[in-house]
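Next comes data35.cif, a file with mmCIF, C-alpha atoms (C1' of nucleotides) and all ligand atoms.
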```cif
data_query
#
loop_
_atom_site.label_atom_id
_atom_site.label_comp_id
_atom_site.auth_asym_id
_atom_site.auth_seq_id
_atom_site.Cartn_x
_atom_site.Cartn_y
_atom_site.Cartn_z
CA MET A 18 -5.07 -2.39 2.09
CA GLN A 19 -4.68 1.35 1.99
CA LEU A 20 -4.64 4.31 -0.34
CA THR A 21 -1.45 6.32 -0.57
CA LEU A 22 -1.10 9.56 1.39
CA HIS A 23 -0.71 11.14 -2.03
CA THR A 24 -4.34 10.32 -2.80
CA ASP A 25 -5.52 11.39 0.64
CA TYR A 26 -3.64 14.67 0.31
CA ALA A 27 -5.22 15.22 -3.10
CA LEU A 28 -8.66 14.82 -1.56
CA ARG A 29 -7.77 17.27 1.21
CA VAL A 30 -6.65 19.84 -1.34
CA LEU A 31 -9.87 19.46 -3.32
CA ILE A 32 -11.97 19.73 -0.16
CA TYR A 33 -10.16 22.93 0.81
CA LEU A 34 -10.55 24.42 -2.65
CA ALA A 35 -14.22 23.47 -2.68
CA MET A 36 -14.69 25.32 0.59
CA HIS A 37 -13.01 28.41 -0.81
CA PRO A 38 -14.70 28.94 -4.16
CA ASN A 39 -13.94 31.99 -6.27
CA GLN A 40 -10.56 32.33 -4.58
CA ARG A 41 -7.01 31.57 -5.50
CA VAL A 42 -5.51 29.36 -2.84
CA THR A 43 -1.74 29.06 -2.62
CA ILE A 44 0.16 25.87 -1.96
CA THR A 45 1.75 27.53 1.05
CA GLU A 46 -1.68 28.20 2.51
CA LEU A 47 -2.66 24.57 1.99
CA SER A 48 0.66 23.37 3.38
CA THR A 49 0.20 25.45 6.52
CA PHE A 50 -3.45 24.56 7.05
CA PHE A 51 -2.94 20.83 6.65
CA ASN A 52 0.53 20.77 8.17
CA ILE A 53 1.90 18.82 5.23
CA SER A 54 5.38 18.98 3.70
CA ARG A 55 5.11 21.79 1.16
CA ASN A 56 7.44 19.92 -1.19
CA HIS A 57 5.22 16.92 -1.22
CA LEU A 58 2.07 18.98 -1.64
CA VAL A 59 3.63 20.59 -4.69
CA LYS A 60 3.68 17.19 -6.37
CA VAL A 61 0.14 16.38 -5.36
CA VAL A 62 -1.05 19.74 -6.69
CA HIS A 63 0.90 19.30 -9.88
CA ASN A 64 -0.67 15.92 -10.39
CA LEU A 65 -4.15 17.29 -9.69
CA GLY A 66 -3.45 19.82 -12.41
CA LEU A 67 -2.31 17.17 -14.89
CA LYS A 68 -5.48 15.20 -14.22
CA GLY A 69 -7.58 18.28 -14.88
CA PHE A 70 -9.09 18.75 -11.46
CA ILE A 71 -7.54 22.12 -10.74
CA GLN A 72 -6.18 25.16 -12.55
CA SER A 73 -3.25 27.21 -11.40
CA VAL A 74 -2.16 30.78 -11.91
CA ARG A 75 1.49 31.63 -11.48
CA GLY A 76 2.99 34.84 -10.27
CA LYS A 77 1.80 37.40 -7.78
CA ASN A 78 -1.71 36.81 -6.51
CA GLY A 79 -1.55 33.43 -8.16
CA GLY A 80 -2.86 30.23 -6.72
CA LEU A 81 -5.12 27.29 -7.32
CA TYR A 82 -8.81 26.79 -7.97
CA LEU A 83 -11.11 23.96 -9.04
CA SER A 84 -11.53 23.41 -12.78
CA ARG A 85 -15.08 22.19 -12.21
CA SER A 86 -17.40 23.05 -9.36
CA ALA A 87 -17.48 20.64 -6.43
CA ASP A 88 -20.87 19.23 -7.40
CA GLN A 89 -19.41 18.08 -10.70
CA ILE A 90 -16.62 15.97 -9.19
CA ARG A 91 -17.18 12.42 -8.01
CA VAL A 92 -14.94 11.13 -5.24
CA GLY A 93 -14.47 7.87 -7.13
CA GLU A 94 -13.13 9.76 -10.10
CA VAL A 95 -10.51 11.47 -7.95
CA VAL A 96 -9.39 8.20 -6.38
CA ARG A 97 -9.22 6.43 -9.74
CA GLN A 98 -7.08 9.21 -11.18
CA MET A 99 -4.80 9.87 -8.24
CA GLU A 100 -4.10 6.38 -6.93
CA ALA A 101 -1.08 5.18 -8.88
CA ASN A 102 -1.95 1.53 -8.99
CA PHE A 103 -4.84 -0.78 -8.27
CA HIS A 104 -2.85 -3.99 -8.39
CA ILE A 105 -4.86 -5.66 -5.67
CA VAL A 106 -2.91 -8.88 -6.16
CA GLU A 107 0.20 -9.86 -8.10
CA CYS A 108 -1.57 -11.03 -11.25
CA PHE A 109 -3.18 -7.57 -11.72
CA ASN A 110 0.28 -6.15 -12.38
CA PRO A 111 1.16 -6.23 -16.09
CA GLN A 112 4.82 -6.56 -15.14
CA LYS A 113 4.19 -9.68 -13.07
CA GLN A 114 2.30 -11.74 -15.58
CA GLY A 115 2.89 -15.45 -15.18
CA VAL A 116 4.68 -15.20 -11.86
CA CYS A 117 1.80 -16.86 -10.08
CA PRO A 118 1.60 -20.42 -11.43
CA ILE A 119 -2.18 -20.66 -11.13
CA GLN A 120 -2.84 -17.42 -12.96
CA GLY A 121 -5.51 -17.85 -15.60
CA LYS A 122 -7.04 -20.74 -13.72
CA CYS A 123 -7.63 -19.01 -10.39
CA LYS A 124 -11.05 -17.41 -10.06
CA LEU A 125 -9.87 -15.01 -7.38
CA THR A 126 -8.69 -12.66 -10.09
CA SER A 127 -12.17 -11.83 -11.34
CA LEU A 128 -13.59 -11.84 -7.82
CA LEU A 129 -11.05 -9.30 -6.60
CA CYS A 130 -11.65 -7.23 -9.69
CA ARG A 131 -15.36 -7.12 -8.90
CA ALA A 132 -14.57 -6.24 -5.27
CA LYS A 133 -12.37 -3.37 -6.46
CA GLU A 134 -15.18 -2.12 -8.67
CA GLN A 135 -17.62 -2.25 -5.75
CA PHE A 136 -15.19 -0.18 -3.71
CA LEU A 137 -14.95 2.48 -6.40
CA LYS A 138 -18.65 2.32 -7.18
CA GLU A 139 -19.41 3.29 -3.62
CA LEU A 140 -17.08 6.28 -3.99
CA ASP A 141 -18.70 7.21 -7.30
CA GLY A 142 -21.93 7.69 -5.41
CA THR A 143 -20.67 10.75 -3.58
CA LEU A 144 -19.81 14.18 -4.95
CA LEU A 145 -16.99 16.35 -3.66
CA SER A 146 -19.61 18.91 -2.63
CA GLU A 147 -21.19 16.32 -0.36
CA VAL A 148 -17.94 15.66 1.47
CA LEU A 149 -17.43 19.16 2.79
CA LEU A 150 -16.99 19.67 6.50
CA ASN A 151 -20.12 19.25 8.59
CA LYS A 152 -19.65 22.30 10.75
CA MET B 26 -4.43 0.15 -3.36
CA GLN B 27 -3.26 -3.39 -2.99
CA LEU B 28 -3.31 -6.36 -0.68
CA THR B 29 0.01 -7.61 0.66
CA LEU B 30 1.68 -10.60 -0.95
CA HIS B 31 1.29 -12.19 2.46
CA THR B 32 -2.47 -12.23 1.98
CA ASP B 33 -2.20 -13.41 -1.62
CA TYR B 34 0.17 -16.21 -0.57
CA ALA B 35 -2.27 -17.21 2.15
CA LEU B 36 -5.02 -17.54 -0.44
CA ARG B 37 -2.74 -19.62 -2.67
CA VAL B 38 -1.98 -21.97 0.20
CA LEU B 39 -5.65 -22.41 1.01
CA ILE B 40 -6.50 -23.02 -2.65
CA TYR B 41 -3.79 -25.68 -2.87
CA LEU B 42 -4.95 -27.37 0.34
CA ALA B 43 -8.54 -27.26 -0.86
CA MET B 44 -7.49 -29.04 -4.03
CA HIS B 45 -5.71 -31.74 -2.05
CA PRO B 46 -8.24 -32.77 0.58
CA ASN B 47 -7.52 -35.64 2.94
CA GLN B 48 -3.81 -35.14 2.45
CA ARG B 49 -1.02 -33.66 4.46
CA VAL B 50 0.73 -31.05 2.34
CA THR B 51 4.21 -29.91 3.33
CA ILE B 52 5.43 -26.34 3.22
CA THR B 53 8.25 -27.49 0.96
CA GLU B 54 5.72 -28.85 -1.51
CA LEU B 55 3.84 -25.54 -1.48
CA SER B 56 7.07 -23.58 -1.76
CA THR B 57 8.13 -25.59 -4.79
CA PHE B 58 4.77 -25.51 -6.52
CA PHE B 59 4.25 -21.78 -6.10
CA ASN B 60 7.92 -20.90 -6.41
CA ILE B 61 7.78 -18.80 -3.26
CA SER B 62 10.52 -18.27 -0.68
CA ARG B 63 10.08 -21.14 1.74
CA ASN B 64 11.05 -18.92 4.65
CA HIS B 65 8.32 -16.49 3.83
CA LEU B 66 5.74 -19.21 3.29
CA VAL B 67 6.53 -20.55 6.74
CA LYS B 68 5.27 -17.28 8.22
CA VAL B 69 2.17 -17.25 6.08
CA VAL B 70 1.40 -20.83 7.06
CA HIS B 71 2.04 -20.11 10.71
CA ASN B 72 -0.33 -17.17 10.55
CA LEU B 73 -2.98 -19.26 8.81
CA GLY B 74 -2.66 -21.69 11.71
CA LEU B 75 -3.01 -18.95 14.31
CA LYS B 76 -6.15 -17.71 12.57
CA GLY B 77 -7.60 -21.22 12.63
CA PHE B 78 -7.77 -21.88 8.91
CA ILE B 79 -5.34 -24.77 8.86
CA GLN B 80 -4.00 -27.52 11.12
CA SER B 81 -0.48 -28.80 11.05
CA VAL B 82 1.17 -32.05 12.02
CA ARG B 83 4.86 -32.05 12.85
CA GLY B 84 7.35 -34.79 12.33
CA LYS B 85 7.65 -37.47 9.68
CA ASN B 86 4.71 -37.59 7.29
CA GLY B 87 3.56 -34.34 8.79
CA GLY B 88 2.08 -31.47 6.87
CA LEU B 89 -0.85 -29.12 6.61
CA TYR B 90 -4.56 -29.51 6.01
CA LEU B 91 -7.66 -27.31 6.16
CA SER B 92 -9.39 -27.00 9.53
CA ARG B 93 -12.73 -26.59 7.80
CA SER B 94 -13.75 -27.83 4.38
CA ALA B 95 -13.40 -25.39 1.50
CA ASP B 96 -17.13 -24.83 1.25
CA GLN B 97 -17.14 -23.50 4.80
CA ILE B 98 -14.56 -20.77 4.21
CA ARG B 99 -15.51 -17.38 2.77
CA VAL B 100 -12.83 -15.52 0.86
CA GLY B 101 -13.73 -12.30 2.67
CA GLU B 102 -13.04 -13.97 5.99
CA VAL B 103 -9.55 -14.95 4.86
CA VAL B 104 -8.75 -11.46 3.63
CA ARG B 105 -10.11 -9.83 6.80
CA GLN B 106 -7.98 -12.13 8.95
CA MET B 107 -4.78 -12.13 6.94
CA GLU B 108 -4.50 -8.52 5.80
CA ALA B 109 -2.63 -6.74 8.58
CA ASN B 110 -4.30 -3.38 8.24
CA PHE B 111 -7.25 -1.76 6.55
CA HIS B 112 -6.19 1.81 7.20
CA ILE B 113 -7.53 3.08 3.89
CA VAL B 114 -6.63 6.65 4.88
CA GLU B 115 -4.62 8.23 7.68
CA CYS B 116 -7.56 8.85 10.02
CA PHE B 117 -8.39 5.10 10.08
CA ASN B 118 -5.10 4.47 11.89
CA PRO B 119 -5.54 4.60 15.68
CA GLN B 120 -1.94 5.79 15.96
CA LYS B 121 -2.56 8.77 13.66
CA GLN B 122 -5.59 10.26 15.37
CA GLY B 123 -5.75 14.02 15.02
CA VAL B 124 -2.96 14.29 12.48
CA CYS B 125 -5.39 15.33 9.77
CA PRO B 126 -6.83 18.69 10.85
CA ILE B 127 -10.26 18.09 9.34
CA GLN B 128 -10.71 14.71 10.97
CA GLY B 129 -14.13 14.44 12.57
CA LYS B 130 -15.57 16.97 10.19
CA CYS B 131 -14.65 15.28 6.93
CA LYS B 132 -17.31 12.97 5.57
CA LEU B 133 -14.80 11.01 3.52
CA THR B 134 -14.08 8.87 6.55
CA SER B 135 -17.49 7.24 6.63
CA LEU B 136 -17.65 7.06 2.84
CA LEU B 137 -14.34 5.21 2.61
CA CYS B 138 -15.44 2.94 5.42
CA ARG B 139 -18.54 2.01 3.46
CA ALA B 140 -16.42 1.47 0.34
CA LYS B 141 -14.15 -0.85 2.27
CA GLU B 142 -17.16 -2.81 3.50
CA GLN B 143 -18.48 -3.11 -0.05
CA PHE B 144 -15.11 -4.50 -1.11
CA LEU B 145 -15.18 -7.14 1.62
CA LYS B 146 -18.86 -7.86 1.14
CA GLU B 147 -18.15 -8.84 -2.45
CA LEU B 148 -15.46 -11.23 -1.21
CA ASP B 149 -17.82 -12.63 1.41
CA GLY B 150 -20.09 -13.75 -1.39
CA THR B 151 -17.63 -16.37 -2.60
CA LEU B 152 -16.51 -19.57 -0.89
CA LEU B 153 -13.00 -21.00 -1.11
CA SER B 154 -14.49 -24.05 -2.83
CA GLU B 155 -15.79 -21.78 -5.60
CA VAL B 156 -12.35 -20.33 -6.30
CA LEU B 157 -10.68 -23.57 -7.25
CA LEU B 158 -8.96 -23.82 -10.59
CA ASN B 159 -11.26 -24.02 -13.59
CA LYS B 160 -9.46 -26.86 -15.27
"C1'" DT C 4 16.80 -42.87 17.99
"C1'" DA C 5 17.40 -40.67 13.71
"C1'" DT C 6 15.16 -37.70 10.79
"C1'" DA C 7 11.59 -35.23 8.69
"C1'" DA C 8 8.51 -32.09 9.53
"C1'" DG C 9 6.74 -27.50 11.52
"C1'" DA C 10 7.70 -23.37 15.14
"C1'" DT C 11 9.90 -19.36 16.40
"C1'" DG C 12 12.87 -15.41 16.65
"C1'" DT C 13 16.04 -12.25 14.56
"C1'" DA C 14 18.40 -9.95 10.89
"C1'" DT C 15 18.87 -8.31 6.31
"C1'" DT C 16 17.30 -6.79 1.83
"C1'" DT C 17 14.13 -4.66 -1.22
"C1'" DT C 18 10.71 -1.56 -2.58
"C1'" DA C 19 7.68 2.12 -2.74
"C1'" DA C 20 6.26 6.08 -0.64
"C1'" DA C 21 7.24 10.24 1.47
"C1'" DT C 22 10.14 14.06 2.07
"C1'" DA C 23 13.81 17.36 1.10
"C1'" DC C 24 16.55 20.25 -1.86
"C1'" DA C 25 17.74 23.00 -5.85
"C1'" DT C 26 16.64 25.60 -9.69
"C1'" DC C 27 13.63 27.27 -13.41
"C1'" DT C 28 9.52 29.77 -15.33
"C1'" DT C 29 5.58 32.72 -15.20
"C1'" DT C 30 2.94 36.78 -13.99
"C1'" DA C 31 1.22 40.90 -12.14
"C1'" DA C 32 1.88 44.63 -8.98
"C1'" DA C 33 4.84 48.39 -7.79
"C1'" DT D 3 10.42 47.53 -16.39
"C1'" DT D 4 11.86 45.57 -12.44
"C1'" DT D 5 11.00 42.52 -8.80
"C1'" DA D 6 8.94 39.43 -5.85
"C1'" DA D 7 5.52 36.03 -5.42
"C1'" DA D 8 3.76 32.23 -7.12
"C1'" DG D 9 3.82 27.54 -9.43
"C1'" DA D 10 6.87 23.90 -12.41
"C1'" DT D 11 10.21 20.54 -12.68
"C1'" DG D 12 13.88 17.40 -11.74
"C1'" DT D 13 16.83 14.94 -8.56
"C1'" DA D 14 18.28 13.08 -4.24
"C1'" DT D 15 17.52 11.38 0.28
"C1'" DT D 16 14.96 9.35 4.02
"C1'" DT D 17 11.54 6.33 5.98
"C1'" DA D 18 8.72 2.54 6.73
"C1'" DA D 19 6.80 -1.59 5.50
"C1'" DA D 20 7.07 -5.66 3.24
"C1'" DA D 21 9.58 -9.46 1.74
"C1'" DT D 22 13.26 -12.53 2.28
"C1'" DA D 23 17.05 -14.95 4.54
"C1'" DC D 24 19.24 -17.26 8.35
"C1'" DA D 25 19.62 -19.82 12.59
"C1'" DT D 26 17.94 -22.73 15.96
"C1'" DC D 27 14.33 -25.16 18.54
"C1'" DT D 28 10.48 -28.56 19.08
"C1'" DT D 29 7.65 -32.42 17.82
"C1'" DA D 30 6.36 -36.82 16.04
"C1'" DT D 31 6.87 -41.18 13.93
"C1'" DA D 32 9.00 -44.70 11.13
S1 LIG A 201 -3.94 -16.00 -9.96
FE1 LIG A 201 -5.06 -16.08 -8.00
S2 LIG A 201 -3.53 -16.73 -6.50
FE2 LIG A 201 -2.39 -16.09 -8.33
S3 LIG A 201 -1.89 -13.92 -7.97
FE3 LIG A 201 -3.85 -13.93 -9.07
S4 LIG A 201 -5.42 -13.93 -7.46
FE4 LIG A 201 -3.48 -14.48 -6.46
S1 LIG A 202 -10.41 13.20 7.83
FE1 LIG A 202 -10.83 13.12 5.61
S2 LIG A 202 -9.08 14.15 4.66
FE2 LIG A 202 -8.50 13.71 6.80
S3 LIG A 202 -7.44 11.71 6.69
FE3 LIG A 202 -9.58 11.25 7.10
S4 LIG A 202 -10.49 10.94 5.08
FE4 LIG A 202 -8.52 11.97 4.73
#
```
Let me see whether you can do it: turn the structure in this file into structure tokens.
Amino acid sequence: MQLTLHTDYALRVLIYLAMHPNQRVTITELSTFFNISRNHLVKVVHNLGLKGFIQSVRGKNGGLYLSRSADQIRVGEVVRQMEANFHIVECFNPQKQGVCPIQGKCKLTSLLCRAKEQFLKELDGTLLSEVLLNK
Amino acid sequence: MQLTLHTDYALRVLIYLAMHPNQRVTITELSTFFNISRNHLVKVVHNLGLKGFIQSVRGKNGGLYLSRSADQIRVGEVVRQMEANFHIVECFNPQKQGVCPIQGKCKLTSLLCRAKEQFLKELDGTLLSEVLLNK
DNA sequence: TATAAGATGTATTTTAAATACATCTTTAAA
DNA sequence: TTTAAAGATGTATTTAAAATACATCTTATA
């Protein structure tokens, strides 16, 4: 059970932006600081933009900044938006309906759904501003 | 975020065995019922044996049965044992220590750890015997 | 003692994620 | 008004893990 690097990278970007408020941060700066493939970061950043977490300015002196301040962003929200799928087990996947012969009768489905919600609920309890580096 | 099919298959096997107590169930029977690659099921079953959930008898009239009764097995325990890794993010992986430059300073680590525990705690609250088919 | 069952090890296939590459568009400073 | 710096977008390739397949060995009992 793991989140994708894509989601982890998204969180790193948001943390960095939160630590540099009122600035335009470039993807290259992020890529260098985190030592992450710039090409991949571009996609993460693009996705963060689509989901409304960040704004971008093109051209000279362009860069990225948070759409909302860090104390207005819940970690759970970021994970929900950035993680592509939460198909904990096969029957959660709309494209795999009926593959498992006990689907509909198995009570694991609802249990795992509750477990997933507990996971996200815990993340909802923390704001991006509370995640910033200790020292 | 998803569990491996391996873990899901393991749960299916345990559910089936729990529904057929005092019987020896063959892998072939399981493979047919669940329509799962027999070869793959063999590995799942073997792993369930290693982890002490089931016993097996070889030879004619052999088969599998639960080591403990279904009301003595917590779902969380099965998931903890069968899921190969719980490296929610990169820094959870012992082989990736120090790759993320903010590791040690980022408070996401402990937050995600708590979230993971909440996920498993929810699963710990249900026994295998409570998961059996409704009807 | 024949055969049905699981055990074990290796190899291949499949899939999704991660990464790389190429090119286009926007913007503001020079 | 030109130009370079920045992000946007689309496609292709690589990687790694999971899933599946194949082959052979061991055990137990009818
Ligand atoms: S119905 Fe139960 S056993 Fe089947 S895929 Fe869903 S959770 Fe797993
Ligand atoms: S330290 Fe924080 S940002 Fe880095 S891998 Fe761990 S959770 Fe992600």
May I ask which of the residues B:Ile98, B:Ala43, B:Leu36, B:Met107 is the closest one to ligand LIG 201 (chain A), counting only C-alpha atoms and all ligand atoms?
->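 Ranked by minimum distance to ligand LIG 201 (chain A), first place goes to B:Leu36.
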Could you report the residues within 8 Å of ligand LIG 202 (chain A), using only C-alpha atoms (C1' of nucleotides) and all ligand atoms, as a PyMOL selection string?
-> (chain A and resi 25-26+28-29+32) or (chain B and resi 114-117+124-134+137)
Residues of chain B no more than 6 Å from chain D, counting only C-alpha atoms (C1' of nucleotides): send them over as an MDAnalysis selection string.
-> chainID B and resid 83:85
Using all atoms listed in the file, select each residue of chain C with any atom at most 10 Å away from an atom of chain B, and give the selection as number ranges by chain.
-> C: 6-11
Mind writing the picked residues with C-alpha atoms (C1' of nucleotides) as a compact mmCIF listing (two decimals), keeping the file's coordinate frame?
```txt
# COMPACT_ATOMS: atom_id res chain seq x y z
C1' DT C 6 15.16 -37.70 10.79
C1' DA C 7 11.59 -35.23 8.69
C1' DA C 8 8.51 -32.09 9.53
C1' DG C 9 6.74 -27.50 11.52
C1' DA C 10 7.70 -23.37 15.14
C1' DT C 11 9.90 -19.36 16.40
```
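For chain A, the residues having at least one atom no farther than 6 Å from chain B, when counting all atoms listed in the file, are A:Met18, A:Gln19, A:Leu20, A:Phe103, A:His104, A:Ile105, A:Lys122, A:Cys123, A:Lys124, A:Leu125, A:Ala132, A:Gln135, A:Phe136, A:Glu139, A:Val148, A:Leu150, A:Asn151.
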What is the distance, in Å and to one decimal place, between CA of Phe70 in chain A and CA of Ser84 in chain A?
->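 Between CA of Phe70 in chain A and CA of Ser84 in chain A the gap is 5.4 Å.
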Mind giving me the straight-line distance from CA of Leu152 in chain B to CA of Glu102 in chain B in Å, one decimal?
->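 CA of Leu152 in chain B sits 9.5 Å away from CA of Glu102 in chain B.
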